[in-house]
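As stored in structure.tsv (TSV, C-alpha atoms and all ligand atoms):
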chain	number	residue	atom	x	y	z
A	1	MET	CA	36.83	32.37	-12.60
A	2	PRO	CA	36.96	30.67	-9.21
A	3	THR	CA	35.94	27.02	-8.93
A	4	ILE	CA	32.70	26.85	-6.98
A	5	ILE	CA	32.27	23.90	-4.67
A	6	ASN	CA	29.14	23.03	-2.70
A	7	SER	CA	30.02	19.60	-1.42
A	8	LEU	CA	32.43	19.17	1.49
A	9	SER	CA	33.61	15.75	0.29
A	10	GLU	CA	34.39	17.27	-3.12
A	11	TRP	CA	36.46	19.94	-1.40
A	12	GLN	CA	38.24	17.38	0.79
A	13	GLN	CA	39.11	15.31	-2.28
A	14	LEU	CA	40.41	18.37	-4.07
A	15	ARG	CA	42.39	19.47	-1.00
A	16	SER	CA	44.33	16.21	-0.96
A	17	SER	CA	44.99	16.34	-4.71
A	18	ASP	CA	48.20	17.34	-6.48
A	19	ILE	CA	46.93	20.87	-7.11
A	20	PHE	CA	47.98	21.75	-3.57
A	21	ARG	CA	51.36	20.03	-3.59
A	22	ASN	CA	54.03	22.56	-2.58
A	23	ARG	CA	51.51	25.39	-2.80
A	24	SER	CA	50.37	27.54	0.11
A	25	LEU	CA	46.68	28.08	0.75
A	26	GLY	CA	44.94	31.13	2.25
A	27	LEU	CA	41.45	30.88	3.76
A	28	VAL	CA	38.93	33.73	4.00
A	29	PRO	CA	35.78	32.69	5.90
A	30	THR	CA	32.75	34.96	5.35
A	31	MET	CA	28.98	35.03	5.48
A	32	GLY	CA	28.84	36.57	1.99
A	33	ASN	CA	27.32	39.88	0.81
A	34	LEU	CA	30.89	40.90	0.14
A	35	HIS	CA	31.99	44.53	0.40
A	36	ALA	CA	35.33	46.35	0.36
A	37	GLY	CA	36.09	45.11	3.91
A	38	HIS	CA	35.90	41.49	2.76
A	39	GLN	CA	37.74	42.41	-0.42
A	40	SER	CA	40.74	43.62	1.60
A	41	LEU	CA	40.95	40.14	3.19
A	42	LEU	CA	40.63	38.43	-0.20
A	43	LYS	CA	43.36	40.60	-1.72
A	44	ARG	CA	45.69	40.00	1.20
A	45	SER	CA	45.15	36.26	0.89
A	46	THR	CA	45.85	36.17	-2.83
A	47	ALA	CA	48.94	38.36	-2.33
A	48	GLU	CA	50.39	36.10	0.38
A	49	ASN	CA	49.43	32.62	-0.85
A	50	ASP	CA	49.68	30.55	-4.02
A	51	LEU	CA	46.01	29.58	-3.80
A	52	SER	CA	43.06	31.12	-1.94
A	53	LEU	CA	39.78	29.72	-0.70
A	54	LEU	CA	36.77	31.89	0.11
A	55	THR	CA	34.01	30.29	2.14
A	56	ILE	CA	30.48	31.69	2.16
A	57	PHE	CA	28.22	30.35	4.86
A	58	VAL	CA	25.58	32.20	6.85
A	59	ASN	CA	26.12	30.24	10.02
A	60	PRO	CA	22.79	29.70	11.80
A	61	THR	CA	24.33	28.74	15.15
A	62	GLN	CA	25.91	32.16	15.69
A	63	PHE	CA	22.64	34.07	15.30
A	64	ASN	CA	20.85	34.61	18.59
A	65	ASP	CA	18.12	36.54	16.76
A	66	LYS	CA	15.99	34.56	14.28
A	67	ASN	CA	14.99	37.66	12.27
A	68	ASP	CA	18.61	38.77	11.95
A	69	PHE	CA	19.39	35.34	10.45
A	70	LYS	CA	16.36	35.41	8.15
A	71	ASN	CA	17.07	38.97	6.92
A	72	TYR	CA	20.83	38.52	6.51
A	73	PRO	CA	21.61	39.86	2.99
A	74	LYS	CA	22.40	37.18	0.40
A	75	THR	CA	24.02	38.25	-2.89
A	76	ILE	CA	25.76	35.14	-4.15
A	77	GLU	CA	26.07	36.15	-7.83
A	78	GLU	CA	27.69	39.49	-6.93
A	79	ASP	CA	29.92	37.72	-4.39
A	80	ILE	CA	31.25	35.37	-7.07
A	81	LYS	CA	32.09	38.40	-9.22
A	82	VAL	CA	33.94	40.09	-6.31
A	83	ALA	CA	35.86	36.88	-5.62
A	84	SER	CA	36.74	36.54	-9.27
A	85	ASP	CA	37.98	40.15	-9.44
A	86	SER	CA	40.14	39.43	-6.37
A	87	HIS	CA	41.64	36.34	-8.09
A	88	ILE	CA	40.23	33.84	-5.64
A	89	ASP	CA	40.76	30.25	-6.79
A	90	PHE	CA	38.04	28.38	-4.90
A	91	ILE	CA	34.71	29.30	-3.33
A	92	LEU	CA	33.21	26.81	-0.91
A	93	ILE	CA	29.49	27.31	-0.30
A	94	PRO	CA	28.43	24.47	1.99
A	95	ASP	CA	24.96	23.84	3.37
A	96	SER	CA	24.09	23.67	7.01
A	97	GLN	CA	23.40	19.94	7.09
A	98	SER	CA	26.82	19.00	5.80
A	99	LEU	CA	28.65	21.38	8.15
A	100	TYR	CA	26.63	20.15	11.11
A	101	PRO	CA	26.34	16.36	10.67
A	102	ASP	CA	26.23	16.26	14.49
A	103	ASP	CA	23.19	18.60	14.61
A	104	TYR	CA	25.37	20.97	16.66
A	105	ARG	CA	25.72	18.51	19.55
A	106	TYR	CA	29.43	19.32	19.59
A	107	GLN	CA	30.20	22.93	20.46
A	108	LEU	CA	33.33	24.88	21.21
A	109	SER	CA	33.07	27.66	23.76
A	110	GLU	CA	35.47	30.02	25.47
A	111	THR	CA	34.58	30.80	29.04
A	112	SER	CA	36.22	34.15	29.81
A	113	LEU	CA	36.45	36.76	27.02
A	114	GLY	CA	33.58	34.91	25.31
A	115	ASN	CA	31.20	36.10	28.05
A	116	LYS	CA	32.11	39.78	27.79
A	117	LEU	CA	31.04	42.57	25.37
A	118	CYS	CA	29.14	40.91	22.49
A	119	GLY	CA	29.25	37.59	24.36
A	120	LYS	CA	27.17	39.12	27.15
A	121	HIS	CA	24.67	40.69	24.75
A	122	ARG	CA	24.40	37.87	22.21
A	123	PRO	CA	24.09	34.59	24.15
A	124	GLY	CA	25.56	31.67	22.21
A	125	HIS	CA	26.97	33.86	19.45
A	126	PHE	CA	30.65	33.19	20.06
A	127	THR	CA	30.12	29.47	20.66
A	128	GLY	CA	28.41	29.24	17.26
A	129	MET	CA	31.15	31.32	15.65
A	130	LEU	CA	34.06	29.38	17.22
A	131	THR	CA	32.46	26.04	16.38
A	132	VAL	CA	32.01	26.89	12.71
A	133	VAL	CA	35.45	28.53	12.38
A	134	LEU	CA	37.03	25.41	13.87
A	135	LYS	CA	35.19	23.26	11.32
A	136	LEU	CA	36.29	25.55	8.46
A	137	LEU	CA	39.92	25.60	9.64
A	138	LEU	CA	39.98	21.81	9.85
A	139	LEU	CA	38.40	21.46	6.42
A	140	ALA	CA	40.61	24.05	4.71
A	141	LYS	CA	43.95	23.01	6.24
A	142	ALA	CA	45.15	26.43	5.13
A	143	ASN	CA	48.56	27.91	5.80
A	144	ARG	CA	46.97	31.23	6.69
A	145	ALA	CA	43.44	32.37	7.55
A	146	TYR	CA	42.33	36.01	7.32
A	147	PHE	CA	40.03	37.82	9.75
A	148	GLY	CA	39.06	41.48	10.11
A	149	GLU	CA	39.77	43.68	13.14
A	150	LYS	CA	36.24	45.02	12.76
A	151	ASP	CA	35.21	41.95	14.78
A	152	TYR	CA	38.08	42.40	17.22
A	153	GLN	CA	36.68	40.23	19.99
A	154	GLN	CA	35.99	37.48	17.46
A	155	LEU	CA	39.56	37.76	16.19
A	156	GLN	CA	40.98	37.42	19.71
A	157	LEU	CA	38.80	34.40	20.43
A	158	ILE	CA	39.89	32.74	17.17
A	159	ARG	CA	43.56	33.40	17.96
A	160	GLY	CA	43.07	31.90	21.41
A	161	MET	CA	41.37	28.82	19.94
A	162	GLN	CA	44.14	28.37	17.36
A	163	GLN	CA	46.70	28.35	20.19
A	164	ALA	CA	44.66	26.22	22.59
A	165	PHE	CA	44.07	23.50	19.99
A	166	PHE	CA	47.48	23.63	18.26
A	167	ILE	CA	45.91	24.47	14.92
A	168	ASP	CA	48.54	24.67	12.22
A	169	THR	CA	47.12	27.73	10.45
A	170	GLU	CA	48.46	31.23	10.97
A	171	ILE	CA	45.72	33.69	11.94
A	172	VAL	CA	46.21	36.97	10.06
A	173	ALA	CA	44.50	40.17	11.30
A	174	CYS	CA	43.39	42.74	8.72
A	175	PRO	CA	42.62	46.42	9.51
A	176	ILE	CA	39.08	47.81	9.53
A	177	VAL	CA	37.84	49.22	6.21
A	178	ARG	CA	35.54	52.26	6.64
A	179	ASN	CA	33.46	54.45	4.38
A	180	GLU	CA	34.33	58.12	3.84
A	181	GLN	CA	32.35	59.11	6.92
A	182	GLY	CA	34.23	56.63	9.09
A	183	LEU	CA	31.48	54.03	9.37
A	184	ALA	CA	32.97	50.52	9.43
A	185	LEU	CA	31.74	48.60	6.39
A	186	SER	CA	29.37	45.80	7.30
A	187	SER	CA	26.92	43.61	5.40
A	188	ARG	CA	24.22	44.82	7.77
A	189	ASN	CA	24.75	48.47	6.65
A	190	SER	CA	22.77	47.68	3.50
A	191	LEU	CA	19.73	47.10	5.72
A	192	LEU	CA	19.85	50.65	7.16
A	193	SER	CA	17.38	53.27	5.91
A	194	SER	CA	18.93	56.37	4.34
A	195	GLU	CA	18.16	58.29	7.52
A	196	GLN	CA	19.86	55.65	9.68
A	197	LEU	CA	22.81	55.57	7.29
A	198	THR	CA	23.29	59.31	7.78
A	199	LEU	CA	23.26	58.89	11.55
A	200	ALA	CA	25.45	55.76	11.70
A	201	PRO	CA	28.89	57.50	11.28
A	202	ARG	CA	28.23	59.38	14.55
A	203	PHE	CA	28.88	56.06	16.28
A	204	TYR	CA	32.50	55.97	15.09
A	205	GLU	CA	32.87	59.72	15.67
A	206	LEU	CA	31.79	59.43	19.32
A	207	LEU	CA	33.74	56.22	19.91
A	208	ASN	CA	36.82	58.25	18.97
A	209	ALA	CA	35.94	61.24	21.12
A	210	PRO	CA	38.25	61.91	24.09
A	211	LEU	CA	35.33	61.58	26.51
A	212	PRO	CA	34.49	59.22	29.37
A	213	ILE	CA	32.57	56.16	28.16
A	214	LYS	CA	29.51	57.16	30.21
A	215	THR	CA	29.33	60.48	28.31
A	216	ILE	CA	29.70	58.69	24.98
A	217	TYR	CA	26.92	56.31	26.00
A	218	ASN	CA	24.61	59.23	26.86
A	219	LYS	CA	25.39	61.20	23.70
A	220	LEU	CA	24.73	58.17	21.51
A	221	THR	CA	21.40	57.65	23.26
A	222	GLU	CA	20.52	61.32	22.68
A	223	TYR	CA	21.25	60.89	18.97
A	224	GLY	CA	18.79	57.99	18.83
A	225	PHE	CA	21.07	54.96	19.09
A	226	GLU	CA	20.11	52.17	21.44
A	227	VAL	CA	23.43	51.37	23.09
A	228	ASP	CA	24.30	47.75	23.95
A	229	TYR	CA	27.66	48.69	25.46
A	230	ILE	CA	30.61	51.05	25.35
A	231	GLU	CA	33.51	49.47	27.20
A	232	GLU	CA	37.27	49.69	27.43
A	233	ILE	CA	39.41	46.61	27.81
A	234	GLU	CA	43.20	46.51	27.61
A	235	GLY	CA	43.81	49.65	25.59
A	236	ARG	CA	40.85	49.23	23.26
A	237	ARG	CA	37.44	50.85	23.28
A	238	TYR	CA	34.60	48.65	22.07
A	239	GLY	CA	31.06	49.62	21.19
A	240	ALA	CA	27.83	48.03	20.02
A	241	VAL	CA	24.70	50.00	19.17
A	242	ARG	CA	21.37	49.43	17.48
A	243	LEU	CA	19.55	51.56	14.95
A	244	GLY	CA	16.10	50.03	14.75
A	245	HIS	CA	16.68	46.29	14.31
A	246	ILE	CA	20.19	46.72	12.91
A	247	ARG	CA	23.11	46.17	15.24
A	248	LEU	CA	26.45	47.86	14.57
A	249	ILE	CA	29.78	47.15	16.26
A	250	ASP	CA	33.08	48.96	16.18
A	251	ASN	CA	36.33	49.27	18.11
A	252	ILE	CA	39.32	51.58	18.26
A	253	GLU	CA	42.74	51.51	19.87
A	254	ILE	CA	43.04	54.04	22.71
B	1	LIG	P1	31.36	38.41	7.93
B	1	LIG	O1	31.00	38.07	6.51
B	1	LIG	O2	30.68	39.62	8.45
B	1	LIG	O3	31.31	37.22	8.84
B	1	LIG	O4	32.90	38.83	7.87
B	1	LIG	C1	33.88	37.99	7.34
B	1	LIG	C2	35.24	38.54	7.69
B	1	LIG	O5	35.39	39.84	7.12
B	1	LIG	C3	35.46	38.69	9.19
B	1	LIG	O6	36.77	38.30	9.52
B	1	LIG	C4	35.25	40.17	9.42
B	1	LIG	O7	35.93	40.67	10.52
B	1	LIG	C5	35.80	40.74	8.13
B	1	LIG	N1	35.24	42.07	7.90
B	1	LIG	C6	33.93	42.42	7.80
B	1	LIG	N2	33.79	43.75	7.65
B	1	LIG	C7	35.04	44.27	7.65
B	1	LIG	C8	35.57	45.60	7.54
B	1	LIG	N3	34.79	46.66	7.41
B	1	LIG	N4	36.92	45.75	7.58
B	1	LIG	C9	37.74	44.66	7.72
B	1	LIG	N5	37.29	43.40	7.83
B	1	LIG	C10	35.97	43.20	7.79

Just give me the structure as structure tokens.
Ligand code: AMP
Amino acid sequence: MPTIINSLSEWQQLRSSDIFRNRSLGLVPTMGNLHAGHQSLLKRSTAENDLSLLTIFVNPTQFNDKNDFKNYPKTIEEDIKVASDSHIDFILIPDSQSLYPDDYRYQLSETSLGNKLCGKHRPGHFTGMLTVVLKLLLLAKANRAYFGEKDYQQLQLIRGMQQAFFIDTEIVACPIVRNEQGLALSSRNSLLSSEQLTLAPRFYELLNAPLPIKTIYNKLTEYGFEVDYIEEIEGRRYGAVRLGHIRLIDNIEI
């Protein structure tokens, strides 16, 4: 069973203890409601490190939509079981007050890529994400940290931050895990109705289609998706769509 830690000072004490002497540490930051996508990161971490830390924190500062934050699925008991099955050693579940002793007066933003794609459509999202990931990287002092390519723009921004601030943790990218229909696994998928869940794989299907992005945009709209964007940047096609209140993102190499 993993050791569950709620207090940051307890974690910091543990981190400087003998347990970690001459042992590598892998970090997997998540917002919980773990699925097979998260599991692939956990397994990679336990395979490549002596010890692994999973963090579960639904970070309020990266939600630009209050309802999205409120409705974000929370399944902590199941998450502990998944972590245990993946041989995770530690689970850190901090609260908002202890992660933000500054009341979010200090923020880390990126001013170029951070304003494109999801950055354009979700104001403040990447600043909240980068700020909390920086805090988690500094707290974990891990040798490696694992992030999914499902959130490709996020991954690029984290890599850029790691380089810009000389952070001594290797950022490891993990491939997208999809369901049988091609839909990228996401915690928000559990909020889709069965009808929406049947429609959702069309998003991936059309993103892959050898069609101009304008045509893809129009076809998705015809199917009933509300499209935030379909864009191509540096050999990658990115998309974000909504089905009702649920927002889905995906990306493919082109
Ligand atoms: P989240 O809990 O959504 O913040 O995700 C935590 C980490 O898991 C992030 O690095 C995500 O990119 C990654 N992740 C989420 N879904 C998937 C997926 N379907 N395939 C691979 N990685 C994923």

Query - Option closest in space to Leu41 of chain A, from A:Phe63, A:Tyr146, A:Tyr100, A:Trp11 [counting all atoms listed in the file] - result: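 Ranked by minimum distance to Leu41 of chain A, first place goes to A:Tyr146.
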
Under the rule of at most 12 Å, produce a per-residue listing of segment 22-60 of chain A near segment 128-143 of chain A: chain, number, name, the closest pair of atoms, and the distance in Å, as a tab-separated table, using all atoms listed in the file.
residue	atom	partner	partner_atom	distance
A:Asn22	CA	A:Asn143	CA	11.3
A:Arg23	CA	A:Asn143	CA	9.4
A:Ser24	CA	A:Asn143	CA	6.0
A:Leu25	CA	A:Ala142	CA	4.9
A:Gly26	CA	A:Ala142	CA	5.5
A:Leu27	CA	A:Ala142	CA	5.9
A:Val28	CA	A:Ala142	CA	9.7
A:Pro29	CA	A:Leu136	CA	7.6
A:Thr30	CA	A:Val133	CA	9.9
A:Met31	CA	A:Met129	CA	11.0
A:Ser45	CA	A:Asn143	CA	10.3
A:Glu48	CA	A:Asn143	CA	10.0
A:Asn49	CA	A:Asn143	CA	8.2
A:Asp50	CA	A:Asn143	CA	10.2
A:Leu51	CA	A:Ala142	CA	9.5
A:Ser52	CA	A:Ala142	CA	8.7
A:Leu53	CA	A:Ala140	CA	7.9
A:Leu54	CA	A:Ala140	CA	9.9
A:Thr55	CA	A:Leu136	CA	8.2
A:Ile56	CA	A:Leu136	CA	10.5
A:Phe57	CA	A:Val132	CA	9.4
A:Val58	CA	A:Val132	CA	10.2
A:Asn59	CA	A:Val132	CA	7.3
A:Pro60	CA	A:Gly128	CA	7.8

Can I get the selected residues back with C-alpha atoms, as a short mmCIF file (atom, residue, chain, number, x, y, z; two decimals), keeping the file's coordinate frame?
data_model
loop_
_atom_site.label_atom_id
_atom_site.label_comp_id
_atom_site.auth_asym_id
_atom_site.auth_seq_id
_atom_site.Cartn_x
_atom_site.Cartn_y
_atom_site.Cartn_z
CA ASN A 22 54.03 22.56 -2.58
CA ARG A 23 51.51 25.39 -2.80
CA SER A 24 50.37 27.54 0.11
CA LEU A 25 46.68 28.08 0.75
CA GLY A 26 44.94 31.13 2.25
CA LEU A 27 41.45 30.88 3.76
CA VAL A 28 38.93 33.73 4.00
CA PRO A 29 35.78 32.69 5.90
CA THR A 30 32.75 34.96 5.35
CA MET A 31 28.98 35.03 5.48
CA SER A 45 45.15 36.26 0.89
CA GLU A 48 50.39 36.10 0.38
CA ASN A 49 49.43 32.62 -0.85
CA ASP A 50 49.68 30.55 -4.02
CA LEU A 51 46.01 29.58 -3.80
CA SER A 52 43.06 31.12 -1.94
CA LEU A 53 39.78 29.72 -0.70
CA LEU A 54 36.77 31.89 0.11
CA THR A 55 34.01 30.29 2.14
CA ILE A 56 30.48 31.69 2.16
CA PHE A 57 28.22 30.35 4.86
CA VAL A 58 25.58 32.20 6.85
CA ASN A 59 26.12 30.24 10.02
CA PRO A 60 22.79 29.70 11.80
#

Query raised in the report: What separation in Å, quoted to one decimal, exists between atom CA of Phe126 of chain A and atom CA of Leu113 of chain A?
Result: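 Answer for the atom CA of Phe126 of chain A to atom CA of Leu113 of chain A separation: 9.7 Å.
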
Query raised in the report: So, counting all atoms listed in the file, which residue among A:Val177, A:Leu99, A:Leu211, A:Leu14 is closest to ligand LIG 1 (chain B)?
Result: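 Of all the options, A:Val177 lies closest to ligand LIG 1 (chain B).
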
Query raised in the report: Please, which residues have at least one atom within 6 Å of an atom of ligand LIG 1 (chain B), using only C-alpha atoms and all ligand atoms, listed as a VMD selection string?
Result: chain A and resid 29 to 32 37 to 38 147 to 151 175 to 178 184 to 186

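Proximity of A:Leu248, A:Ala83, A:Lys116, A:Leu157 to His35 of chain A, computed with only C-alpha atoms, is greatest for A:Ala83.
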
Query raised in the report: What gap, in Å, lies between atom CA of His87 of chain A and atom CA of Ala47 of chain A?
Result: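 The value is 9.5 Å.
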
Close residues, segment 74-77 of chain A itself excluded, 8 Å, only C-alpha atoms, min 4 positions apart in chain, as a CSV table (one decimal) with C-alpha atoms, in the coordinates of the input:
chain,number,residue,atom,x,y,z
A,32,GLY,CA,28.8,36.6,2.0
A,33,ASN,CA,27.3,39.9,0.8
A,34,LEU,CA,30.9,40.9,0.1
A,81,LYS,CA,32.1,38.4,-9.2

Requested in this report: Considering only C-alpha atoms, return as number ranges by chain whatever protein or nucleic-acid residues lie within 10 Å of Arg159 of chain A, sequence-local ones (same chain, fewer than 6 positions apart) excluded.
Outcome: A: 147, 153, 167, 170-173

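For the pair atom CA of Asn64 of chain A and atom CA of Arg122 of chain A, the separation is 6.0 Å.
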
For the contact check between segment 195-222 of chain A and segment 233-243 of chain A, emit one row per residue of segment 195-222 of chain A within 9 Å, containing the shortest atom pair and the distance in Å rounded to one decimal, counting all atoms listed in the file, chain then rising number order, as a Markdown table.
| residue | atom | partner | partner_atom | distance |
| --- | --- | --- | --- | --- |
| A:Gln196 | CA | A:Leu243 | CA | 6.7 |
| A:Leu199 | CA | A:Leu243 | CA | 8.9 |
| A:Ala200 | CA | A:Leu243 | CA | 7.9 |
| A:Phe203 | CA | A:Val241 | CA | 7.9 |
| A:Tyr204 | CA | A:Gly239 | CA | 8.9 |
| A:Leu207 | CA | A:Gly239 | CA | 7.2 |
| A:Asn208 | CA | A:Arg237 | CA | 8.6 |
| A:Ile213 | CA | A:Arg237 | CA | 8.7 |
| A:Leu220 | CA | A:Val241 | CA | 8.5 |

Query - All residues 12 Å or closer to Ser112 of chain A, all atoms listed in the file, same chain fewer than 2 positions away omitted, as a ChimeraX atom specification - result: /A:109-110,114-117,119-120,126-127,153,156-157,160

Produce the centre coordinates and the three edge lengths, each in Å to one decimal, of the box along x, y and z that contains all listed atoms of segment 77-92 of chain A with 5 Å added on each side, as lines of an AutoDock Vina configuration file.
center_x = 33.9
center_y = 33.5
center_z = -5.2
size_x = 25.6
size_y = 23.3
size_z = 18.5

Requested in this report: Write out as a VMD selection string which residues come within 9 Å of Ile5 of chain A when counting all atoms listed in the file, dropping same-chain ones fewer than 4 positions away.
Outcome: chain A and resid 10 to 11 90 to 94

Report summary line: Residue with the minimum atom-to-atom distance to Ile88 of chain A, picked from A:Thr3, A:Thr111, A:Thr61, A:Asn71 with all atoms listed in the file counted, is A:Thr3

Requested in this report: In the coordinates of the file, take the point (35.6, 28.9, -14.2) and a cut-off of 10 Å; then, counting all atoms listed in the file, name each qualifying protein, DNA or RNA residue as a list in words.
Outcome: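 Residues lying no farther than 10 Å from the given point: Met1, Pro2, Thr3, Ile4, Ser84, Asp89 and Phe90 of chain A.
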
Query raised in the report: Which one of A:Glu195, A:Asp102, A:Pro210, A:Leu108 sits closest to Phe165 of chain A if you count all atoms listed in the file?
Result: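 That would be A:Leu108, the residue with the smallest distance to Phe165 of chain A.
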
Incomplete segment 171-189 of chain A filled out to N, CA and C atoms as a PDB file, in the coordinates of the input:
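Result written to rebuild29.pdb:
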ATOM      1  N   ILE A 171      46.873  32.786  11.955  1.00  0.00           N
ATOM      2  CA  ILE A 171      45.720  33.690  11.940  1.00  0.00           C
ATOM      3  C   ILE A 171      46.224  35.095  11.610  1.00  0.00           C
ATOM      4  N   VAL A 172      45.736  35.657  10.509  1.00  0.00           N
ATOM      5  CA  VAL A 172      46.210  36.970  10.060  1.00  0.00           C
ATOM      6  C   VAL A 172      45.110  38.013  10.286  1.00  0.00           C
ATOM      7  N   ALA A 173      45.463  39.088  11.003  1.00  0.00           N
ATOM      8  CA  ALA A 173      44.500  40.170  11.300  1.00  0.00           C
ATOM      9  C   ALA A 173      44.582  41.244  10.228  1.00  0.00           C
ATOM     10  N   CYS A 174      43.431  41.702   9.751  1.00  0.00           N
ATOM     11  CA  CYS A 174      43.390  42.740   8.720  1.00  0.00           C
ATOM     12  C   CYS A 174      42.669  43.976   9.262  1.00  0.00           C
ATOM     13  N   PRO A 175      43.203  45.182   8.965  1.00  0.00           N
ATOM     14  CA  PRO A 175      42.620  46.420   9.510  1.00  0.00           C
ATOM     15  C   PRO A 175      41.184  46.681   9.051  1.00  0.00           C
ATOM     16  N   ILE A 176      40.479  47.495   9.828  1.00  0.00           N
ATOM     17  CA  ILE A 176      39.080  47.810   9.530  1.00  0.00           C
ATOM     18  C   ILE A 176      38.993  48.709   8.288  1.00  0.00           C
ATOM     19  N   VAL A 177      38.113  48.366   7.366  1.00  0.00           N
ATOM     20  CA  VAL A 177      37.840  49.220   6.210  1.00  0.00           C
ATOM     21  C   VAL A 177      36.574  50.018   6.506  1.00  0.00           C
ATOM     22  N   ARG A 178      36.656  51.353   6.306  1.00  0.00           N
ATOM     23  CA  ARG A 178      35.540  52.260   6.640  1.00  0.00           C
ATOM     24  C   ARG A 178      35.085  53.024   5.401  1.00  0.00           C
ATOM     25  N   ASN A 179      33.881  53.567   5.460  1.00  0.00           N
ATOM     26  CA  ASN A 179      33.460  54.450   4.380  1.00  0.00           C
ATOM     27  C   ASN A 179      34.020  55.853   4.629  1.00  0.00           C
ATOM     28  N   GLU A 180      33.730  56.785   3.734  1.00  0.00           N
ATOM     29  CA  GLU A 180      34.330  58.120   3.840  1.00  0.00           C
ATOM     30  C   GLU A 180      33.952  58.828   5.138  1.00  0.00           C
ATOM     31  N   GLN A 181      32.801  58.477   5.676  1.00  0.00           N
ATOM     32  CA  GLN A 181      32.350  59.110   6.920  1.00  0.00           C
ATOM     33  C   GLN A 181      32.902  58.402   8.163  1.00  0.00           C
ATOM     34  N   GLY A 182      33.627  57.340   7.963  1.00  0.00           N
ATOM     35  CA  GLY A 182      34.230  56.630   9.090  1.00  0.00           C
ATOM     36  C   GLY A 182      33.471  55.388   9.526  1.00  0.00           C
ATOM     37  N   LEU A 183      32.263  55.199   8.986  1.00  0.00           N
ATOM     38  CA  LEU A 183      31.480  54.030   9.370  1.00  0.00           C
ATOM     39  C   LEU A 183      32.161  52.742   8.893  1.00  0.00           C
ATOM     40  N   ALA A 184      32.364  51.800   9.816  1.00  0.00           N
ATOM     41  CA  ALA A 184      32.970  50.520   9.430  1.00  0.00           C
ATOM     42  C   ALA A 184      32.039  49.785   8.482  1.00  0.00           C
ATOM     43  N   LEU A 185      32.575  49.316   7.355  1.00  0.00           N
ATOM     44  CA  LEU A 185      31.740  48.600   6.390  1.00  0.00           C
ATOM     45  C   LEU A 185      31.237  47.309   7.038  1.00  0.00           C
ATOM     46  N   SER A 186      29.977  47.004   6.761  1.00  0.00           N
ATOM     47  CA  SER A 186      29.370  45.800   7.300  1.00  0.00           C
ATOM     48  C   SER A 186      28.230  45.390   6.375  1.00  0.00           C
ATOM     49  N   SER A 187      28.014  44.087   6.248  1.00  0.00           N
ATOM     50  CA  SER A 187      26.920  43.610   5.400  1.00  0.00           C
ATOM     51  C   SER A 187      25.581  44.144   5.901  1.00  0.00           C
ATOM     52  N   ARG A 188      25.487  44.351   7.206  1.00  0.00           N
ATOM     53  CA  ARG A 188      24.220  44.820   7.770  1.00  0.00           C
ATOM     54  C   ARG A 188      23.938  46.293   7.430  1.00  0.00           C
ATOM     55  N   ASN A 189      24.977  47.060   7.006  1.00  0.00           N
ATOM     56  CA  ASN A 189      24.750  48.470   6.650  1.00  0.00           C
ATOM     57  C   ASN A 189      23.745  48.605   5.520  1.00  0.00           C
TER      58      ASN A 189
END
